[in-house]
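**Student:** Just one file: my_file.cif, with mmCIF, C-alpha atoms.
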```cif
data_final
#
loop_
_atom_site.label_atom_id
_atom_site.label_comp_id
_atom_site.auth_asym_id
_atom_site.auth_seq_id
_atom_site.Cartn_x
_atom_site.Cartn_y
_atom_site.Cartn_z
CA MET R 1490 7.93 -83.93 4.61
CA ILE R 1491 8.71 -84.14 0.89
CA THR R 1492 7.29 -87.23 -0.87
CA THR R 1493 6.59 -88.30 -4.45
CA LYS R 1494 3.02 -87.06 -3.91
CA THR R 1495 4.40 -83.64 -3.00
CA ALA R 1496 6.58 -83.67 -6.09
CA ASP R 1497 3.57 -84.57 -8.22
CA ASN R 1498 1.58 -81.61 -6.88
CA VAL R 1499 4.47 -79.18 -7.39
CA LEU R 1500 5.04 -80.36 -10.97
CA LYS R 1501 1.33 -79.88 -11.73
CA SER R 1502 0.67 -76.62 -9.96
CA TYR R 1503 3.90 -74.69 -10.54
CA TYR R 1504 6.39 -76.14 -12.98
CA LEU R 1505 3.95 -76.92 -15.81
CA ASP R 1506 3.15 -73.28 -16.61
CA VAL R 1507 6.75 -72.14 -16.16
CA VAL R 1508 8.31 -74.88 -18.29
CA SER R 1509 5.55 -74.67 -20.91
CA ASP R 1510 6.19 -70.96 -21.34
CA GLN R 1511 9.93 -71.54 -21.63
CA LEU R 1512 9.51 -74.33 -24.20
CA ASP R 1513 7.23 -72.13 -26.31
CA LYS R 1514 9.19 -68.88 -26.14
CA ALA R 1515 12.74 -69.46 -24.91
CA VAL R 1516 13.76 -72.54 -26.89
CA ASN R 1517 14.52 -70.93 -30.23
CA PRO R 1518 14.20 -67.37 -31.61
CA LEU R 1519 12.39 -68.57 -34.74
CA LEU R 1520 9.96 -70.73 -32.78
CA ALA R 1521 9.23 -67.77 -30.48
CA GLN R 1522 7.99 -65.76 -33.49
CA ILE R 1523 5.63 -68.46 -34.75
CA ASN R 1524 1.99 -68.39 -33.70
CA LYS R 1525 0.70 -71.37 -31.70
CA THR R 1526 -2.90 -72.37 -32.38
CA THR R 1527 -5.39 -75.17 -31.78
CA ALA R 1528 -7.34 -74.23 -34.92
CA ASP R 1529 -7.72 -76.68 -37.82
CA VAL R 1530 -6.80 -79.68 -35.67
CA LEU R 1531 -9.18 -82.52 -36.49
CA GLY R 1532 -8.52 -85.76 -34.65
CA LYS R 1533 -4.90 -86.70 -35.20
CA ASP R 1534 -4.47 -84.45 -38.25
CA VAL R 1535 -4.11 -80.80 -39.15
CA ARG R 1536 -6.36 -79.85 -42.06
CA LYS R 1537 -5.85 -76.30 -43.22
CA THR R 1538 -7.62 -74.75 -46.21
CA VAL R 1539 -5.35 -72.20 -47.87
CA ARG R 1540 -6.11 -69.69 -50.62
CA PHE R 1541 -3.73 -69.23 -53.52
CA GLY R 1542 -3.69 -67.13 -56.67
CA VAL R 1543 -6.12 -64.24 -57.11
CA ASN R 1544 -9.87 -63.93 -57.47
CA GLY R 1545 -10.73 -64.20 -61.17
CA GLY R 1546 -13.90 -62.12 -60.97
CA ILE R 1547 -12.10 -58.81 -61.51
CA GLY R 1548 -11.94 -56.85 -64.74
CA ALA R 1549 -12.64 -53.59 -66.58
CA GLY R 1550 -15.31 -52.97 -69.20
CA THR R 1551 -17.40 -50.53 -71.13
CA GLU R 1552 -20.07 -48.27 -69.68
CA ASP R 1553 -22.93 -50.51 -70.79
CA GLY R 1554 -21.09 -53.79 -71.35
CA ASN R 1555 -21.20 -57.05 -69.46
CA LEU R 1556 -19.86 -57.22 -65.94
CA PRO R 1557 -16.89 -59.50 -65.27
CA ALA R 1558 -17.87 -63.13 -64.87
CA ALA R 1559 -17.84 -64.22 -61.24
CA LYS R 1560 -14.87 -66.39 -60.40
CA GLY R 1561 -14.26 -67.46 -56.83
CA ASN R 1562 -11.03 -67.79 -54.94
CA ARG R 1563 -8.84 -70.82 -55.47
CA TYR R 1564 -8.27 -73.11 -52.53
CA ALA R 1565 -6.18 -76.13 -51.60
CA GLN R 1566 -6.27 -78.24 -48.49
CA PHE R 1567 -3.08 -78.96 -46.58
CA VAL R 1568 -3.21 -82.20 -44.59
CA THR R 1569 -0.56 -83.47 -42.21
CA SER R 1570 -0.50 -85.55 -39.04
CA LEU R 1571 0.20 -84.16 -35.60
CA LYS R 1572 3.64 -85.13 -34.35
CA ASN R 1573 4.21 -86.45 -30.84
CA LEU R 1574 6.73 -84.30 -28.96
CA TYR R 1575 8.07 -85.49 -25.62
CA GLY R 1576 10.34 -84.23 -22.88
CA THR R 1577 11.26 -86.49 -19.96
CA VAL R 1578 12.90 -85.87 -16.59
CA GLU R 1579 14.16 -88.48 -14.15
CA ILE R 1580 14.57 -88.19 -10.38
CA SER R 1581 16.10 -90.93 -8.27
CA ASP R 1582 14.41 -92.20 -5.14
CA LYS R 1583 17.63 -91.44 -3.28
CA ALA R 1584 17.53 -87.78 -4.37
CA ILE R 1585 13.92 -87.42 -3.20
CA ARG R 1586 14.61 -89.04 0.17
CA SER R 1587 17.78 -87.02 0.74
CA SER R 1588 15.80 -83.78 0.32
CA ALA R 1589 12.71 -85.01 2.18
CA ASN R 1590 13.30 -82.74 5.18
CA SER R 1591 14.51 -79.69 3.28
CA GLU R 1592 12.15 -77.78 1.04
CA GLY R 1593 15.04 -75.69 -0.27
CA ALA R 1594 17.01 -78.76 -1.34
CA PHE R 1595 13.90 -80.23 -2.95
CA VAL R 1596 13.22 -77.03 -4.91
CA ASN R 1597 16.84 -76.94 -6.05
CA LEU R 1598 16.51 -80.56 -7.19
CA LEU R 1599 13.41 -79.85 -9.28
CA ASN R 1600 14.85 -76.59 -10.63
CA ASP R 1601 17.92 -78.44 -11.83
CA GLU R 1602 15.85 -81.16 -13.51
CA MET R 1603 13.56 -78.63 -15.19
CA ASP R 1604 16.54 -76.60 -16.37
CA GLY R 1605 18.02 -79.73 -17.91
CA LEU R 1606 14.70 -80.49 -19.61
CA VAL R 1607 14.50 -77.03 -21.14
CA LYS R 1608 18.09 -77.16 -22.36
CA SER R 1609 17.65 -80.60 -23.92
CA SER R 1610 14.37 -79.56 -25.49
CA SER R 1611 15.97 -76.39 -26.81
CA TYR R 1612 18.55 -78.50 -28.63
CA ASN R 1613 16.07 -81.04 -29.96
CA PHE R 1614 13.27 -78.71 -31.06
CA GLY R 1615 15.76 -76.25 -32.53
CA ARG R 1616 17.20 -79.08 -34.60
CA MET R 1617 13.76 -80.20 -35.76
CA LEU R 1618 12.89 -76.70 -37.00
CA PHE R 1619 15.61 -77.04 -39.64
CA GLY R 1620 15.01 -80.70 -40.40
CA ASP R 1621 12.95 -82.42 -43.05
CA GLY R 1622 10.66 -84.35 -40.69
CA THR R 1623 12.54 -87.64 -41.04
CA GLY R 1624 14.67 -87.17 -37.93
CA LYS R 1625 17.85 -87.63 -39.96
CA LEU R 1626 20.95 -86.46 -38.12
CA CYS R 1627 23.74 -87.31 -40.56
CA THR R 1628 25.04 -89.79 -43.13
CA VAL R 1629 28.08 -91.97 -42.45
CA LEU R 1630 30.97 -91.56 -44.88
CA ALA R 1631 33.54 -94.20 -45.86
CA LEU R 1632 35.16 -95.74 -42.78
CA THR R 1633 38.87 -96.52 -42.51
CA THR R 1634 39.92 -100.12 -41.96
CA ALA R 1635 42.33 -101.23 -39.26
CA ALA R 1636 45.07 -103.15 -41.12
CA GLU R 1637 45.89 -105.42 -38.22
CA SER R 1638 42.36 -106.65 -37.65
CA GLY R 1639 40.48 -105.90 -40.82
CA THR R 1640 37.67 -104.32 -38.79
CA ALA R 1641 36.22 -100.86 -39.20
CA SER R 1642 37.73 -98.12 -37.08
CA GLU R 1643 35.56 -97.05 -34.16
CA THR R 1644 35.95 -93.43 -35.23
CA ILE R 1645 33.09 -92.79 -37.63
CA PRO R 1646 33.23 -89.96 -40.22
CA ALA R 1647 30.03 -88.16 -41.26
CA ASP R 1648 28.90 -85.61 -43.81
CA SER R 1649 28.02 -83.33 -40.88
CA VAL R 1650 28.06 -83.49 -37.10
CA LYS R 1651 26.02 -80.32 -36.62
CA ASN R 1652 23.04 -82.31 -35.31
CA ILE R 1653 24.97 -84.72 -33.07
CA GLU R 1654 25.75 -84.23 -29.39
CA VAL R 1655 27.48 -86.35 -26.75
CA GLY R 1656 24.97 -88.44 -24.81
CA MET R 1657 22.46 -88.54 -27.64
CA THR R 1658 20.78 -91.90 -28.22
CA VAL R 1659 20.52 -92.66 -31.94
CA ASP R 1660 19.03 -95.30 -34.20
CA ILE R 1661 21.21 -96.40 -37.12
CA TYR R 1662 19.79 -97.61 -40.46
CA ASN R 1663 21.78 -98.98 -43.38
CA VAL R 1664 21.61 -97.88 -47.03
CA SER R 1665 18.73 -100.30 -47.63
CA GLY R 1666 16.67 -98.62 -44.92
CA ASN R 1667 16.97 -101.54 -42.51
CA PHE R 1668 17.51 -100.99 -38.79
CA VAL R 1669 21.06 -101.78 -37.66
CA LYS R 1670 21.28 -100.87 -33.96
CA THR R 1671 20.69 -98.27 -31.27
CA SER R 1672 23.75 -96.51 -29.85
CA VAL R 1673 24.78 -93.64 -27.61
CA VAL R 1674 27.12 -90.96 -28.96
CA THR R 1675 30.23 -90.87 -26.74
CA SER R 1676 32.33 -88.20 -28.46
CA VAL R 1677 32.11 -85.68 -31.30
CA ASP R 1678 35.00 -84.07 -33.20
CA ARG R 1679 33.42 -81.07 -34.93
CA THR R 1680 36.59 -80.07 -36.73
CA ALA R 1681 37.26 -83.47 -38.30
CA LYS R 1682 33.50 -84.30 -38.50
CA HIS R 1683 33.97 -87.60 -36.68
CA PHE R 1684 32.05 -89.23 -33.82
CA THR R 1685 32.19 -92.39 -31.73
CA LEU R 1686 29.52 -94.69 -30.32
CA ASP R 1687 29.29 -96.61 -27.05
CA ASN R 1688 29.04 -99.91 -28.93
CA GLY R 1689 31.65 -99.05 -31.56
CA ALA R 1690 31.43 -99.08 -35.33
CA GLU R 1691 30.34 -102.69 -35.61
CA ASN R 1692 27.82 -103.12 -38.48
CA VAL R 1693 28.14 -99.41 -39.32
CA SER R 1694 29.15 -98.77 -42.94
CA GLU R 1695 29.25 -96.02 -45.53
CA GLY R 1696 25.79 -94.70 -46.32
CA CYS R 1697 24.27 -95.56 -42.95
CA ILE R 1698 21.98 -92.84 -41.59
CA LEU R 1699 21.64 -91.78 -37.98
CA TYR R 1700 18.25 -90.77 -36.57
CA MET R 1701 17.24 -89.54 -33.16
CA GLN R 1702 16.01 -92.56 -31.17
CA GLY R 1703 12.46 -93.51 -32.14
CA SER R 1704 12.12 -90.39 -34.28
CA LYS R 1705 12.52 -91.75 -37.82
CA ASP R 1706 9.80 -90.12 -39.96
CA ASN R 1707 8.08 -88.82 -36.82
CA GLU R 1708 9.39 -85.26 -36.43
CA ILE R 1709 7.72 -81.96 -37.25
CA THR R 1710 7.85 -80.60 -40.79
CA GLY R 1711 10.86 -78.30 -40.59
CA LEU R 1712 12.44 -75.91 -43.08
CA GLY R 1713 14.27 -78.79 -44.75
CA ALA R 1714 10.93 -80.19 -45.92
CA ILE R 1715 9.24 -76.84 -46.52
CA PHE R 1716 11.96 -75.89 -49.02
CA ASN R 1717 12.90 -79.24 -50.53
CA ALA R 1718 10.25 -81.94 -50.14
CA PRO R 1719 8.66 -82.97 -53.49
CA THR R 1720 5.29 -83.27 -51.75
CA LEU R 1721 4.34 -80.92 -48.93
CA TYR R 1722 1.22 -81.37 -46.79
CA GLY R 1723 -0.16 -83.74 -49.42
CA VAL R 1724 0.26 -81.28 -52.32
CA ASN R 1725 2.59 -82.13 -55.23
CA ARG R 1726 4.98 -79.22 -55.56
CA ALA R 1727 5.92 -79.92 -59.20
CA GLU R 1728 2.29 -79.49 -60.28
CA ASN R 1729 1.69 -76.31 -58.25
CA SER R 1730 3.99 -73.36 -58.87
CA TRP R 1731 2.53 -71.46 -55.92
CA MET R 1732 4.08 -74.10 -53.65
CA LYS R 1733 7.65 -73.37 -54.78
CA PRO R 1734 9.78 -71.07 -52.61
CA VAL R 1735 12.59 -68.92 -53.99
CA ILE R 1736 15.83 -70.93 -53.89
CA LYS R 1737 19.17 -69.51 -55.02
CA ASN R 1738 22.72 -70.86 -55.00
CA HIS R 1739 25.27 -68.12 -54.42
CA SER R 1740 28.22 -70.22 -55.67
CA SER R 1741 30.54 -69.61 -52.71
CA ALA R 1742 30.32 -65.83 -53.10
CA ALA R 1743 30.23 -63.36 -50.23
CA VAL R 1744 26.98 -62.21 -48.70
CA SER R 1745 26.09 -58.61 -49.49
CA GLU R 1746 23.36 -56.08 -48.94
CA LEU R 1747 22.56 -56.26 -52.67
CA LEU R 1748 22.07 -60.03 -52.46
CA MET R 1749 19.77 -59.75 -49.47
CA GLN R 1750 17.68 -56.95 -50.94
CA THR R 1751 17.42 -58.77 -54.27
CA VAL R 1752 16.01 -61.86 -52.56
CA ILE R 1753 13.59 -59.82 -50.44
CA ASP R 1754 12.37 -57.96 -53.52
CA GLU R 1755 11.98 -61.16 -55.55
CA VAL R 1756 9.86 -62.80 -52.86
CA GLU R 1757 7.56 -59.79 -52.65
CA GLU R 1758 7.32 -59.53 -56.44
CA LYS R 1759 6.59 -63.23 -56.84
CA SER R 1760 4.10 -63.78 -54.03
CA GLY R 1761 3.34 -60.47 -52.33
CA SER R 1762 4.93 -61.81 -49.15
CA LYS R 1763 6.96 -59.45 -46.97
CA ILE R 1764 10.04 -60.97 -45.36
CA ASN R 1765 10.16 -60.24 -41.62
CA PHE R 1766 12.73 -62.73 -40.32
CA ILE R 1767 16.16 -63.89 -41.53
CA VAL R 1768 17.99 -66.94 -40.19
CA THR R 1769 21.54 -67.90 -41.06
CA THR R 1770 24.72 -69.45 -39.62
CA TRP R 1771 27.21 -67.76 -37.34
CA GLY R 1772 29.79 -67.85 -40.14
CA VAL R 1773 27.51 -66.09 -42.62
CA ARG R 1774 26.53 -63.54 -39.97
CA ARG R 1775 30.19 -62.77 -39.31
CA ALA R 1776 30.80 -62.36 -43.04
CA LEU R 1777 27.82 -60.02 -43.30
CA ILE R 1778 29.07 -57.86 -40.43
CA GLU R 1779 32.51 -57.66 -42.02
CA ASN R 1780 31.17 -56.78 -45.47
CA LEU R 1781 28.76 -54.11 -44.26
CA SER R 1782 30.85 -52.56 -41.49
CA ALA R 1783 32.83 -50.47 -43.97
CA TYR R 1784 29.86 -48.26 -44.83
CA ARG R 1785 27.03 -48.98 -42.40
CA SER R 1786 26.39 -50.48 -38.98
CA LEU R 1787 23.91 -53.20 -38.16
CA GLU R 1788 21.94 -52.27 -35.08
CA ALA R 1789 20.82 -54.77 -32.45
CA MET R 1790 17.16 -55.45 -31.68
CA GLN R 1791 15.34 -57.40 -28.98
CA LEU R 1792 13.02 -60.26 -29.91
CA GLU R 1793 10.30 -62.09 -28.03
CA GLY R 1794 11.72 -64.69 -25.69
CA GLY R 1795 14.68 -62.53 -24.68
CA PHE R 1796 16.67 -63.13 -27.86
CA THR R 1797 18.87 -60.50 -29.49
CA ALA R 1798 19.24 -60.09 -33.25
CA LEU R 1799 20.92 -57.82 -35.74
CA SER R 1800 18.60 -55.56 -37.68
CA TYR R 1801 18.63 -55.16 -41.45
CA ASN R 1802 16.13 -52.42 -42.38
CA GLY R 1803 14.02 -53.49 -39.41
CA ILE R 1804 14.24 -57.21 -40.25
CA PRO R 1805 15.90 -59.32 -37.52
CA ILE R 1806 18.88 -61.47 -38.55
CA VAL R 1807 19.39 -64.44 -36.24
CA ALA R 1808 22.22 -66.97 -36.27
CA ASP R 1809 21.22 -70.54 -35.44
CA ARG R 1810 23.53 -73.49 -34.80
CA PHE R 1811 21.31 -75.84 -36.81
CA CYS R 1812 21.07 -73.71 -39.94
CA PRO R 1813 22.87 -75.56 -42.80
CA ASP R 1814 26.34 -74.26 -43.63
CA GLY R 1815 26.46 -71.33 -46.05
CA THR R 1816 22.70 -70.88 -45.94
CA MET R 1817 20.44 -67.91 -45.29
CA TYR R 1818 16.66 -68.27 -44.91
CA PHE R 1819 14.33 -65.34 -45.66
CA LEU R 1820 10.99 -65.97 -43.97
CA ASN R 1821 7.63 -64.37 -43.38
CA THR R 1822 6.71 -65.76 -39.96
CA ASP R 1823 3.10 -64.64 -40.45
CA ASP R 1824 2.80 -67.51 -42.95
CA PHE R 1825 3.73 -70.08 -40.28
CA ALA R 1826 1.82 -71.63 -37.40
CA LEU R 1827 2.45 -74.41 -34.94
CA HIS R 1828 -0.85 -76.27 -34.83
CA GLN R 1829 -1.29 -78.16 -31.58
CA LEU R 1830 -3.90 -80.32 -29.94
CA CYS R 1831 -3.07 -78.63 -26.65
CA ASP R 1832 -0.16 -76.89 -25.01
CA TRP R 1833 2.45 -78.84 -23.06
CA GLN R 1834 0.90 -81.22 -20.53
CA TRP R 1835 2.25 -83.80 -18.12
CA LEU R 1836 1.59 -87.37 -19.16
CA GLU R 1837 -0.51 -88.81 -16.34
CA GLY R 1838 -1.13 -92.41 -15.35
CA GLU R 1839 -4.54 -93.91 -14.64
CA ASN R 1840 -4.27 -92.76 -11.03
CA GLY R 1841 -3.43 -89.21 -12.09
CA LYS R 1842 0.18 -89.46 -11.02
CA ILE R 1843 2.90 -87.71 -13.00
CA LEU R 1844 5.94 -89.31 -11.41
CA LYS R 1845 6.09 -93.00 -12.26
CA GLN R 1846 8.71 -95.49 -11.16
CA ILE R 1847 10.78 -96.90 -13.99
CA PRO R 1848 10.33 -100.69 -13.81
CA GLY R 1849 13.31 -102.37 -12.15
CA LYS R 1850 14.99 -99.09 -11.16
CA PRO R 1851 14.91 -96.85 -8.05
CA VAL R 1852 14.13 -93.92 -10.35
CA TYR R 1853 10.99 -91.93 -11.09
CA SER R 1854 10.25 -90.29 -14.44
CA ALA R 1855 7.85 -87.58 -15.57
CA THR R 1856 7.06 -86.81 -19.19
CA LEU R 1857 5.82 -83.63 -20.84
CA VAL R 1858 3.93 -84.10 -24.09
CA LYS R 1859 2.63 -81.92 -26.89
CA TYR R 1860 0.93 -83.08 -30.09
CA ALA R 1861 1.77 -80.50 -32.73
CA GLU R 1862 2.87 -79.84 -36.30
CA LEU R 1863 4.52 -76.90 -38.03
CA MET R 1864 2.77 -75.62 -41.13
CA CYS R 1865 3.71 -72.96 -43.69
CA TYR R 1866 0.66 -71.64 -45.51
CA ARG R 1867 2.56 -69.86 -48.28
CA PRO R 1868 5.76 -71.67 -49.29
CA ALA R 1869 6.22 -69.33 -52.28
CA GLY R 1870 6.50 -66.45 -49.82
CA GLN R 1871 9.78 -67.79 -48.37
CA ALA R 1872 13.33 -67.88 -49.75
CA MET R 1873 16.60 -69.70 -49.21
CA VAL R 1874 20.09 -68.81 -50.43
CA THR R 1875 22.78 -71.53 -50.29
CA GLY R 1876 26.47 -71.58 -51.07
CA ILE R 1877 27.33 -68.36 -49.21
CA SER R 1878 30.95 -68.12 -48.10
CA GLU R 1879 31.49 -67.93 -44.34
CA LYS R 1880 33.99 -66.28 -42.02
#
```
As structure tokens - that is how I would like this structure written.
**Tutor:**
Amino acid sequence: MITTKTADNVLKSYYLDVVSDQLDKAVNPLLAQINKTTADVLGKDVRKTVRFGVNGGIGAGTEDGNLPAAKGNRYAQFVTSLKNLYGTVEISDKAIRSSANSEGAFVNLLNDEMDGLVKSSSYNFGRMLFGDGTGKLCTVLALTTAAESGTASETIPADSVKNIEVGMTVDIYNVSGNFVKTSVVTSVDRTAKHFTLDNGAENVSEGCILYMQGSKDNEITGLGAIFNAPTLYGVNRAENSWMKPVIKNHSSAAVSELLMQTVIDEVEEKSGSKINFIVTTWGVRRALIENLSAYRSLEAMQLEGGFTALSYNGIPIVADRFCPDGTMYFLNTDDFALHQLCDWQWLEGENGKILKQIPGKPVYSATLVKYAELMCYRPAGQAMVTGISEK
């Protein structure tokens, strides 16, 4: 007979390895290329010593002259805190009891819940990879006012709805950084860049910022921070040129092979880094295919995790829904690592149980957890081009 104890054992012995592997490799093509490591994790922090510049003890001289003075390598220490990543599933008591006498029905129930967890995690972790670590989803634009009532319209315009999905629970903060309310997104109009909330637009005004629930300033350091944050891993970028990536604005021009090769060459010339992964939007990828199809074809290639990419001189080009509009990232994934305290684990109670009843509800929940942080050891070895026209 299937019980909550049986479910606990199945989640521990079977689903943990399967789901963990999917969350590490099948969530996002970029994440699948990044090395996962437990190295340099000290307590709640990641402390990574990185080398920059060149060894100064090199030189030429005369046959009987002095040897070059010894000069060691130059080092800096990156320090950042581990972020707490969670994934939760819920199973009702009714669902468990209804499948108590059918192993097949019980397996189907768990498969469906695990599939939902992976899909939700794919969305959330994919979004974080392109974020700046703050958890910011969008900024509210000026709201219209209903003439008959003088109240704000419940349809809320935003600068972007790329990071918003129906059913998402969000925290809203005003322009002063004060918490306003928690809401659930009930609809999204991607063409008009509007959305609605379950509790309406009350107290929502221009300049308000939406964050994933409980995630404000708690997400991993994504590409948004790696390319734009004034201080990265505790190092002031303005005072350290080796921390500055290549950033170009293409001024709404079309993407071309010349543009791509110029950026790749500039990165290698500047830092010695070799670009091995390109991420862009679907619109930029379509424009690239159109512009290059007249004189060459872009072949397809298979990536780890079962993803497919276009190939530019052996470099995969991947389109990602969370990549900012008109943007193309040129990355060396060897310079990245996801530092983690451990791989995905079930959060267990004092009695070792995974499934725990939600107080006041006939529902059980189980939570996967990973404590991790994304780190780029050589920011100058990466590049970003913005302002590319899309198709």
**Student:** Find the residues near segment 1584-1591 of chain R: any atom within 9 Å, counting all atoms listed in the file, skip ones fewer than 2 places away on the same chain, and give them as a PyMOL selection string.
**Tutor:** chain R and resi 1490-1493+1496+1580-1582+1593-1596+1598
**Student:** Create the file for the chosen residues now, containing C-alpha atoms and written as an mmCIF file, in the coordinates of the input.
**Tutor:**
```cif
data_model
loop_
_atom_site.group_PDB
_atom_site.id
_atom_site.type_symbol
_atom_site.label_atom_id
_atom_site.label_comp_id
_atom_site.auth_asym_id
_atom_site.auth_seq_id
_atom_site.Cartn_x
_atom_site.Cartn_y
_atom_site.Cartn_z
ATOM 1 C CA MET R 1490 7.930 -83.930 4.610
ATOM 2 C CA ILE R 1491 8.710 -84.140 0.890
ATOM 3 C CA THR R 1492 7.290 -87.230 -0.870
ATOM 4 C CA THR R 1493 6.590 -88.300 -4.450
ATOM 5 C CA ALA R 1496 6.580 -83.670 -6.090
ATOM 6 C CA ILE R 1580 14.570 -88.190 -10.380
ATOM 7 C CA SER R 1581 16.100 -90.930 -8.270
ATOM 8 C CA ASP R 1582 14.410 -92.200 -5.140
ATOM 9 C CA GLY R 1593 15.040 -75.690 -0.270
ATOM 10 C CA ALA R 1594 17.010 -78.760 -1.340
ATOM 11 C CA PHE R 1595 13.900 -80.230 -2.950
ATOM 12 C CA VAL R 1596 13.220 -77.030 -4.910
ATOM 13 C CA LEU R 1598 16.510 -80.560 -7.190
#
```
**Student:** Around the point (-0.2, -73.3, -33.7) (coordinates from the file), which residues reach within 9 Å if we count all atoms listed in the file? Answer as a list of chain:residue names.
**Tutor:**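 Here the neighbourhood of the point contains R:Ile1523, R:Asn1524, R:Lys1525, R:Thr1526, R:Thr1527, R:Ala1528, R:Phe1825, R:Ala1826, R:Leu1827, R:His1828, R:Gln1829, R:Leu1830, R:Ala1861, R:Glu1862, R:Leu1863, R:Met1864.
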**Student:** Translate the PyMOL selection byres ((chain R and resi 1729) around 12), as applied to the file shown, into an explicit residue set as a PyMOL selection string.
**Tutor:** chain R and resi 1541-1542+1564-1565+1719-1721+1723-1728+1730-1734+1867-1869
**Student:** Take the PyMOL selection byres ((chain R and resi 1506-1510) around 9), apply it to the structure above, and return the hits as a list in words.
**Tutor:** Lys1501, Ser1502, Tyr1503, Tyr1504, Leu1505, Gln1511, Leu1512, Asp1513, Lys1514, Ala1515, Met1603, Asp1604, Leu1606, Val1607, Asp1832, Trp1833, Gln1834 and Leu1857 of chain R
**Student:** Listing only residues of segment 1662-1753 of chain R within 10 Å of segment 1798-1806 of chain R, what is the closest atom pair and its distance in Å (to one decimal) for each, using all atoms listed in the file, sorted by chain and residue number ascending, as JSON lines?
**Tutor:**
```
{"residue": "R:Glu1746", "atom": "CA", "partner": "R:Tyr1801", "partner_atom": "CA", "distance": 8.9}
{"residue": "R:Met1749", "atom": "CA", "partner": "R:Tyr1801", "partner_atom": "CA", "distance": 9.3}
{"residue": "R:Gln1750", "atom": "CA", "partner": "R:Tyr1801", "partner_atom": "CA", "distance": 9.7}
```
**Student:** Could you list the residues chosen by the PyMOL selection byres ((chain R and resi 1757-1769) around 6) in this structure as a ChimeraX atom specification?
**Tutor:** /R:1754-1756,1770,1804-1808,1812,1816-1821,1870
**Student:** Provide the atom CA of Gly1772 of chain R to atom CA of Ser1609 of chain R distance in Å, to one decimal place.
**Tutor:**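 Between atom CA of Gly1772 of chain R and atom CA of Ser1609 of chain R the gap works out to 23.9 Å.
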**Student:** Which distance in Å separates atom CA of Asp1529 of chain R and atom CA of Val1735 of chain R, to one decimal?
**Tutor:**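 Between atom CA of Asp1529 of chain R and atom CA of Val1735 of chain R the gap is 27.1 Å.
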**Student:** Mind checking which residues fall within 10 Å of Arg1536 of chain R, counting only C-alpha atoms, ignoring those fewer than 4 positions away in the same chain, and posting them as a count of residues only?
**Tutor:** 12
**Student:** Go through R:Thr1751, R:Thr1633, R:Asn1780, R:Gln1846 one by one, measure the shortest atom-to-atom distance of each to Lys1880 of chain R using all atoms listed in the file, and give the residue with the smallest value.
**Tutor:**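 The closest residue to Lys1880 of chain R is R:Asn1780.
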**Student:** What does the structure give for the distance between atom CA of Glu1793 of chain R and atom CA of Pro1518 of chain R, in Å to one decimal?
**Tutor:** 7.5 Å
**Student:** With 9 Å as the cut-off and all atoms listed in the file counted, what is the closest atom pair between each nearby residue of segment 1748-1851 of chain R and segment 1646-1657 of chain R? Distances in Å to one decimal, ordered by chain and number, as JSON lines.
**Tutor:**
```
{"residue": "R:Arg1810", "atom": "CA", "partner": "R:Lys1651", "partner_atom": "CA", "distance": 7.5}
{"residue": "R:Phe1811", "atom": "CA", "partner": "R:Lys1651", "partner_atom": "CA", "distance": 6.5}
{"residue": "R:Cys1812", "atom": "CA", "partner": "R:Lys1651", "partner_atom": "CA", "distance": 8.9}
{"residue": "R:Pro1813", "atom": "CA", "partner": "R:Lys1651", "partner_atom": "CA", "distance": 8.4}
```
**Student:** If the box runs along x, y and z of the file and leaves 8 Å on each side of segment 1738-1748 of chain R, what are its centre and edge lengths in Å, one decimal, as JSON?
**Tutor:**
```
{"center_x": 26.3, "center_y": -63.5, "center_z": -52.2, "size_x": 24.5, "size_y": 30.8, "size_z": 23.0}
```
**Student:** I'd like to know which of R:Phe1796, R:Phe1614, R:Tyr1700, R:Phe1684 is closest to Tyr1575 of chain R, using all atoms listed in the file.
**Tutor:**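 Using all atoms listed in the file, the shortest distance to Tyr1575 of chain R belongs to R:Phe1614.
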